[in-house]
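Asker: First, the structure itself, so that you have it in front of you.
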2 protein chains.
Amino acid sequence: MQRLLILLVAFISSNSILAQSVQQKVKQYRQANEIAIINRYKEFLSIPNVSRDTPNIKRNAAYISATMTRLGIKAELLEGITPGVTPAVYGKITVPGAKQTIAFYAHYDGQPVNPKQWASGLLPFQPVFLSDPVERGGKIVELPANAVSIDPHWRLSGRGSADDKAGVMTILNAYEALLLSKVALNNNIIFFFEGEEEIGSIHIAEIFEKNKQKLQADVWIIADGPRHVSGKKMVQFGVRGDINMSLTVYGPKRPLHSGNYGNWAPNPARMLVELLAGMKDNDGKVIIKGFYDDVVPLSASEKNAIASIPNIEETLKKELGIVAPEGNGKSFLELLHQPTLNINGILSANVGELASNIIPVKAEAMLDLRLVLGNDVSRQVQKVINHIESKGYHVLDHEPTDEERLKYGRLIKITTGSGYNAQRTPMDLPIAQNIIKAVQSTVDYPVISLPSAGGSLPLIVFEQKLNAKVITVPVVNYDNNQHAENENVLIGFLWEGMETMAALMMMKQ
Amino acid sequence: MQRLLILLVAFISSNSILAQSVQQKVKQYRQANEIAIINRYKEFLSIPNVSRDTPNIKRNAAYISATMTRLGIKAELLEGITPGVTPAVYGKITVPGAKQTIAFYAHYDGQPVNPKQWASGLLPFQPVFLSDPVERGGKIVELPANAVSIDPHWRLSGRGSADDKAGVMTILNAYEALLLSKVALNNNIIFFFEGEEEIGSIHIAEIFEKNKQKLQADVWIIADGPRHVSGKKMVQFGVRGDINMSLTVYGPKRPLHSGNYGNWAPNPARMLVELLAGMKDNDGKVIIKGFYDDVVPLSASEKNAIASIPNIEETLKKELGIVAPEGNGKSFLELLHQPTLNINGILSANVGELASNIIPVKAEAMLDLRLVLGNDVSRQVQKVINHIESKGYHVLDHEPTDEERLKYGRLIKITTGSGYNAQRTPMDLPIAQNIIKAVQSTVDYPVISLPSAGGSLPLIVFEQKLNAKVITVPVVNYDNNQHAENENVLIGFLWEGMETMAALMMMKQ
């Protein structure tokens, strides 16, 4: 702990004149161009980017390519082996004499949207400024016609505004700032923007496989996910893995009057709640056999790093209206380094005004399983399936036939999305330490080092296919409603993100 | 049992020449007018009748009034005490010298509809003919332009086609058949058609209260609910009571990324499944304290009646695709004479394509509680609330405030619809026996006598407000998708229902 403090003091005092000067230039460039930068970002956010919406996804790729071309970066669409794969947008700047290559990753696709769930006046693909998050009483605000700067406490709304067009935006604007400020680059730089992250990066492995040579780098910087809840800048050395499981339990073939059949006909909603409830104890601990067995424990330096991170639980509890977190008293960060089984959603028939007095025909749930180092995606899914089978269910991959209905008392359809394992880069590597130094050079408080984020990215594929070191440097505010309605980004964090990315581009060896 | 058989043989042989002749006349009238009768019924079904849709509900009442006027019945809209109450349509035929008054009840309102859930080509308020139920491969069929009759195995689709415009239709057409066949009536007849049954008959008590004198009758015949699954005609002596409870459990104030907060933030879907799962055991038995305590056991004659009813469980299981009914081996009819706690629907965030990797902000469920003789609606609801409180929930009747969120670890909003208790008329009453005889006079197999239906009607209010005897004589097919999508009525049962209602109008003392 003391060693860590000494190191941090050393980092802060080592902010070289050169680094300060680069930061200064990036800041000055941004201050002179805030309105133009934000207008371009609003234009980018106005292109719908739901991963499966291929025509619009292509418009996003074209927009990024055009931006890169404007900056003199030769943009290329990297395809996979399967025909028609959503391309990644790629570019490389080769600097004569540079001794290392830094690759920058962000993704331009976003999660599905349900515009009805967004607050009044907000639409997923019509970005507007907010004085604050709507959940905290924020209102839509207008930029005066003659404005030359934007309140950094304002937010910009829209799907992807935080997750993860903010990554694309800060990387390209950092490069633009260096370019137009005539800063001499010292590293080769690779730009790589993916378009299928929110559907599990289903083709990134084949894009890597096909373009292995182009993608060799000393380190990959992942600009995705939120900064620490304390608002401090952070470097993350790993991510959880992820996979979705969709469950459908079947009741009678047709909806039944709850009076004429109630107590006799099996109710699939009851069956599903029983099944789901039996997967966890009261504290939210998963009680599926062997669920935690494969977990690789944290190393001593990872434990130390976690211990030195400011505790934000009380802030979170107050902001989110939570009195009793799950996890039986374990710390927030301890819990983020464990696998999860989350109910993303559940549906059977109707509730509220639309509800009828019936026994529904089916009940559905979507589960999200996060994985940590040691877990394997297939093994983890199989544990859940084994648990379900142990409760007397016959597992199908299709709607039940009449024959199957009459053969098995409990039928469940289970389908899984494509998933991937967790990834963790050792914090002790020299290049990892250099990244911490670069981020540290932009702020005067100790940056946070986190062994693994709670969120997921298919970073394991970078290791497997490119033999790459991968480290995440998030740029956006934590309260961004990522994946949900009213997604937003804090303007000030976009500016700071540009400075972070510029510092990383100028990283020393 | 033997006594019952002897009685039944006696009934069958007692079919008097007169009764046969009345039946014959009703049948002949119908056969000569099938197309006109059905076209009028389609017109009636085309008027949307969701209970809360007041403008359309009024159109239904006007349509019924116009039909009654055409038949020479002075139609009157009976209002309650509260201004603006949906009126019941009323009429009375007084027959000189008649010694008893038979009142006929049906309701013209229907359950809410979600047109998206209906099969292709079917819409709730655009009735079409079906060769069979859609769930059994039925197709839409067209009546030839020159048709003079309709295949009695066909069905007519539409909300209310079975529940319960079929009641209104068979009562008024039975009367029309008697009238136009010039049959001399022997009883005073009251017509009473309600418009708020599907929202719990919330004002029927005050309509009764205000119109007590007009509504005095020796017996009330309730034409609602399905005939026996065997297809046989049935007389029911009671109904279960009913009340809905809407539950909403709260999680974080805003939707959270399931990776960045998973394992720590309480998931309301998990909380709700745990809560609901804890209300029943594996067999579907309610394990809420005292849930079955108030139940009045069946009398000896009620038990005998139940024992003599054909067992239809194997038919039902095959048709509905059910292998393992709930109820721990108890018979279908035993279970229908017990209180229920049914999950009508459940919803949290989204499933399927719309699902996101989030921790939802809330989870909702709609419960349906059926009550039997001895249960009280307030006591039954209170047992469920007590159970929920015993699980550590703080119960609200509103969305939680920020203060409440920070005070209580588990918050639930509970609202209840208006409900009512069960009702059961003793089967041994002379008028009860006369009703069985009248229905028996229309068929050559023993009609079924059922102590209580599984379904609900506020028949207790008839007892309480009018001091009336109430007996239910259902007319429609059991597989009618009542309360759900693809509701339909079997044409042949409409014809038989007319004959039943005519026989009851001509019932002997």
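Ordering of the structure tokens sets the chain letters (A, B, ...), residue numbers begin anew at 1 in every chain, and ligands are numbered from 1 in the order given.
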Please identify all polymer residues within 9 Å of Ile388 of chain A, counting only C-alpha atoms, omitting same-chain residues fewer than 4 positions from it, and present them as JSON, numbers by chain.
Answerer: {"A": [275, 279, 383, 384, 392, 393, 394, 395, 412]}
Asker: Do you have the atom CA of Leu247 of chain A-atom CA of Asp283 of chain A distance handy?
Answerer: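 Atom CA of Asp283 of chain A lies at a distance of 22.7 Å from atom CA of Leu247 of chain A.
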Asker: Might you pull out every residue within 10 Å of Val439 of chain B, with only C-alpha atoms counted and same-chain residues fewer than 4 positions away left off, and present them as a list of chain:residue names?
Answerer: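 Answer for this query is B:Phe11, B:Lys233, B:Met234, B:Val235, B:Asn434, B:Ile435, B:Val443, B:Pro446, B:Val447, B:Ile448, B:Val473, B:Gly497, B:Glu499, B:Thr500, B:Met501, B:Ala502, B:Ala503, B:Leu504, B:Met507.
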Asker: Convert the current residue selection to file output with N, CA, C and O atoms, as a PDB file, in the first residue's frame.
Answerer:
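File selection-v2.pdb, as written:
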ATOM      1  N   PHE B  11     -86.592 -37.974 -15.025  1.00  0.00           N
ATOM      2  CA  PHE B  11     -86.590 -36.699 -15.759  1.00  0.00           C
ATOM      3  C   PHE B  11     -86.744 -36.933 -17.247  1.00  0.00           C
ATOM      4  O   PHE B  11     -87.519 -36.287 -17.928  1.00  0.00           O
ATOM      5  N   LYS B 233     -74.909 -30.560 -21.487  1.00  0.00           N
ATOM      6  CA  LYS B 233     -75.511 -29.411 -20.834  1.00  0.00           C
ATOM      7  C   LYS B 233     -75.337 -29.535 -19.323  1.00  0.00           C
ATOM      8  O   LYS B 233     -75.248 -30.640 -18.786  1.00  0.00           O
ATOM      9  N   MET B 234     -75.341 -28.394 -18.662  1.00  0.00           N
ATOM     10  CA  MET B 234     -74.978 -28.382 -17.251  1.00  0.00           C
ATOM     11  C   MET B 234     -75.773 -27.316 -16.511  1.00  0.00           C
ATOM     12  O   MET B 234     -76.111 -26.273 -17.080  1.00  0.00           O
ATOM     13  N   VAL B 235     -76.055 -27.599 -15.238  1.00  0.00           N
ATOM     14  CA  VAL B 235     -76.632 -26.588 -14.348  1.00  0.00           C
ATOM     15  C   VAL B 235     -75.632 -26.394 -13.206  1.00  0.00           C
ATOM     16  O   VAL B 235     -75.169 -27.374 -12.616  1.00  0.00           O
ATOM     17  N   ASN B 434     -86.520 -27.867 -10.345  1.00  0.00           N
ATOM     18  CA  ASN B 434     -87.310 -27.527 -11.536  1.00  0.00           C
ATOM     19  C   ASN B 434     -86.435 -27.032 -12.687  1.00  0.00           C
ATOM     20  O   ASN B 434     -86.733 -27.285 -13.860  1.00  0.00           O
ATOM     21  N   ILE B 435     -85.380 -26.342 -12.331  1.00  0.00           N
ATOM     22  CA  ILE B 435     -84.458 -25.867 -13.374  1.00  0.00           C
ATOM     23  C   ILE B 435     -83.752 -27.046 -14.020  1.00  0.00           C
ATOM     24  O   ILE B 435     -83.636 -27.130 -15.245  1.00  0.00           O
ATOM     25  N   VAL B 443     -82.723 -32.449 -23.723  1.00  0.00           N
ATOM     26  CA  VAL B 443     -81.715 -33.430 -24.177  1.00  0.00           C
ATOM     27  C   VAL B 443     -82.071 -34.828 -23.706  1.00  0.00           C
ATOM     28  O   VAL B 443     -82.861 -34.987 -22.768  1.00  0.00           O
ATOM     29  N   PRO B 446     -78.334 -37.509 -19.329  1.00  0.00           N
ATOM     30  CA  PRO B 446     -78.468 -36.826 -18.032  1.00  0.00           C
ATOM     31  C   PRO B 446     -77.673 -35.514 -18.030  1.00  0.00           C
ATOM     32  O   PRO B 446     -76.475 -35.532 -18.319  1.00  0.00           O
ATOM     33  N   VAL B 447     -78.320 -34.390 -17.731  1.00  0.00           N
ATOM     34  CA  VAL B 447     -77.580 -33.129 -17.641  1.00  0.00           C
ATOM     35  C   VAL B 447     -76.703 -33.173 -16.384  1.00  0.00           C
ATOM     36  O   VAL B 447     -76.992 -33.903 -15.433  1.00  0.00           O
ATOM     37  N   ILE B 448     -75.660 -32.402 -16.406  1.00  0.00           N
ATOM     38  CA  ILE B 448     -74.695 -32.397 -15.308  1.00  0.00           C
ATOM     39  C   ILE B 448     -75.070 -31.321 -14.289  1.00  0.00           C
ATOM     40  O   ILE B 448     -75.428 -30.203 -14.666  1.00  0.00           O
ATOM     41  N   VAL B 473     -76.873 -21.430 -15.857  1.00  0.00           N
ATOM     42  CA  VAL B 473     -77.059 -22.399 -16.932  1.00  0.00           C
ATOM     43  C   VAL B 473     -76.210 -21.935 -18.122  1.00  0.00           C
ATOM     44  O   VAL B 473     -76.628 -21.103 -18.911  1.00  0.00           O
ATOM     45  N   GLY B 497     -78.353 -23.492 -27.028  1.00  0.00           N
ATOM     46  CA  GLY B 497     -78.556 -22.510 -25.952  1.00  0.00           C
ATOM     47  C   GLY B 497     -79.925 -21.847 -26.078  1.00  0.00           C
ATOM     48  O   GLY B 497     -80.607 -21.607 -25.067  1.00  0.00           O
ATOM     49  N   GLU B 499     -82.553 -23.227 -27.286  1.00  0.00           N
ATOM     50  CA  GLU B 499     -83.542 -24.218 -26.827  1.00  0.00           C
ATOM     51  C   GLU B 499     -83.568 -24.304 -25.308  1.00  0.00           C
ATOM     52  O   GLU B 499     -84.634 -24.408 -24.690  1.00  0.00           O
ATOM     53  N   THR B 500     -82.366 -24.246 -24.696  1.00  0.00           N
ATOM     54  CA  THR B 500     -82.295 -24.282 -23.222  1.00  0.00           C
ATOM     55  C   THR B 500     -83.022 -23.081 -22.626  1.00  0.00           C
ATOM     56  O   THR B 500     -83.821 -23.223 -21.690  1.00  0.00           O
ATOM     57  N   MET B 501     -82.722 -21.900 -23.147  1.00  0.00           N
ATOM     58  CA  MET B 501     -83.299 -20.681 -22.582  1.00  0.00           C
ATOM     59  C   MET B 501     -84.823 -20.677 -22.767  1.00  0.00           C
ATOM     60  O   MET B 501     -85.567 -20.256 -21.867  1.00  0.00           O
ATOM     61  N   ALA B 502     -85.294 -21.172 -23.914  1.00  0.00           N
ATOM     62  CA  ALA B 502     -86.741 -21.255 -24.144  1.00  0.00           C
ATOM     63  C   ALA B 502     -87.390 -22.201 -23.129  1.00  0.00           C
ATOM     64  O   ALA B 502     -88.447 -21.900 -22.553  1.00  0.00           O
ATOM     65  N   ALA B 503     -86.739 -23.337 -22.887  1.00  0.00           N
ATOM     66  CA  ALA B 503     -87.284 -24.303 -21.908  1.00  0.00           C
ATOM     67  C   ALA B 503     -87.352 -23.675 -20.522  1.00  0.00           C
ATOM     68  O   ALA B 503     -88.295 -23.912 -19.756  1.00  0.00           O
ATOM     69  N   LEU B 504     -86.356 -22.866 -20.174  1.00  0.00           N
ATOM     70  CA  LEU B 504     -86.343 -22.225 -18.852  1.00  0.00           C
ATOM     71  C   LEU B 504     -87.424 -21.146 -18.766  1.00  0.00           C
ATOM     72  O   LEU B 504     -88.044 -20.961 -17.707  1.00  0.00           O
ATOM     73  N   MET B 507     -90.519 -22.865 -17.929  1.00  0.00           N
ATOM     74  CA  MET B 507     -90.341 -23.736 -16.773  1.00  0.00           C
ATOM     75  C   MET B 507     -91.628 -23.856 -15.951  1.00  0.00           C
ATOM     76  O   MET B 507     -92.331 -22.890 -15.705  1.00  0.00           O
TER      77      MET B 507
END
Asker: Just the residues within 9 Å of segment 266-273 of chain A, please, counting only C-alpha atoms, with nothing from its chain fewer than 4 positions along; format it as JSON, numbers by chain.
Answerer: {"A": [247, 248, 249, 250, 251, 252, 262, 277, 278, 347, 348, 349, 359, 360, 361, 362, 363, 364, 365, 410], "B": [270, 272, 273, 274, 275, 276, 277, 280, 282, 284, 322, 324, 325, 326, 342, 343, 344, 345, 346]}
Asker: Do you have the atom CA of Asp53 of chain B-atom CA of Pro83 of chain B distance handy?
Answerer: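 Between atom CA of Asp53 of chain B and atom CA of Pro83 of chain B the gap works out to 16.5 Å.
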Asker: Please report, as number ranges by chain, each residue of segment 227-450 of chain A to which DSSP assigns strand (DSSP E) when run on this structure's backbone.
Answerer: A: 234-236, 238-239, 241-250, 256-257, 340-348, 358-359, 362-371, 394-396, 411-416, 423-424, 448-450
Asker: Neighbours of Asn114 of chain B within 9 Å (only C-alpha atoms; same-chain residues fewer than 4 positions away dropped), as a ChimeraX atom specification?
Answerer: /A:354 /B:118,124,484-485
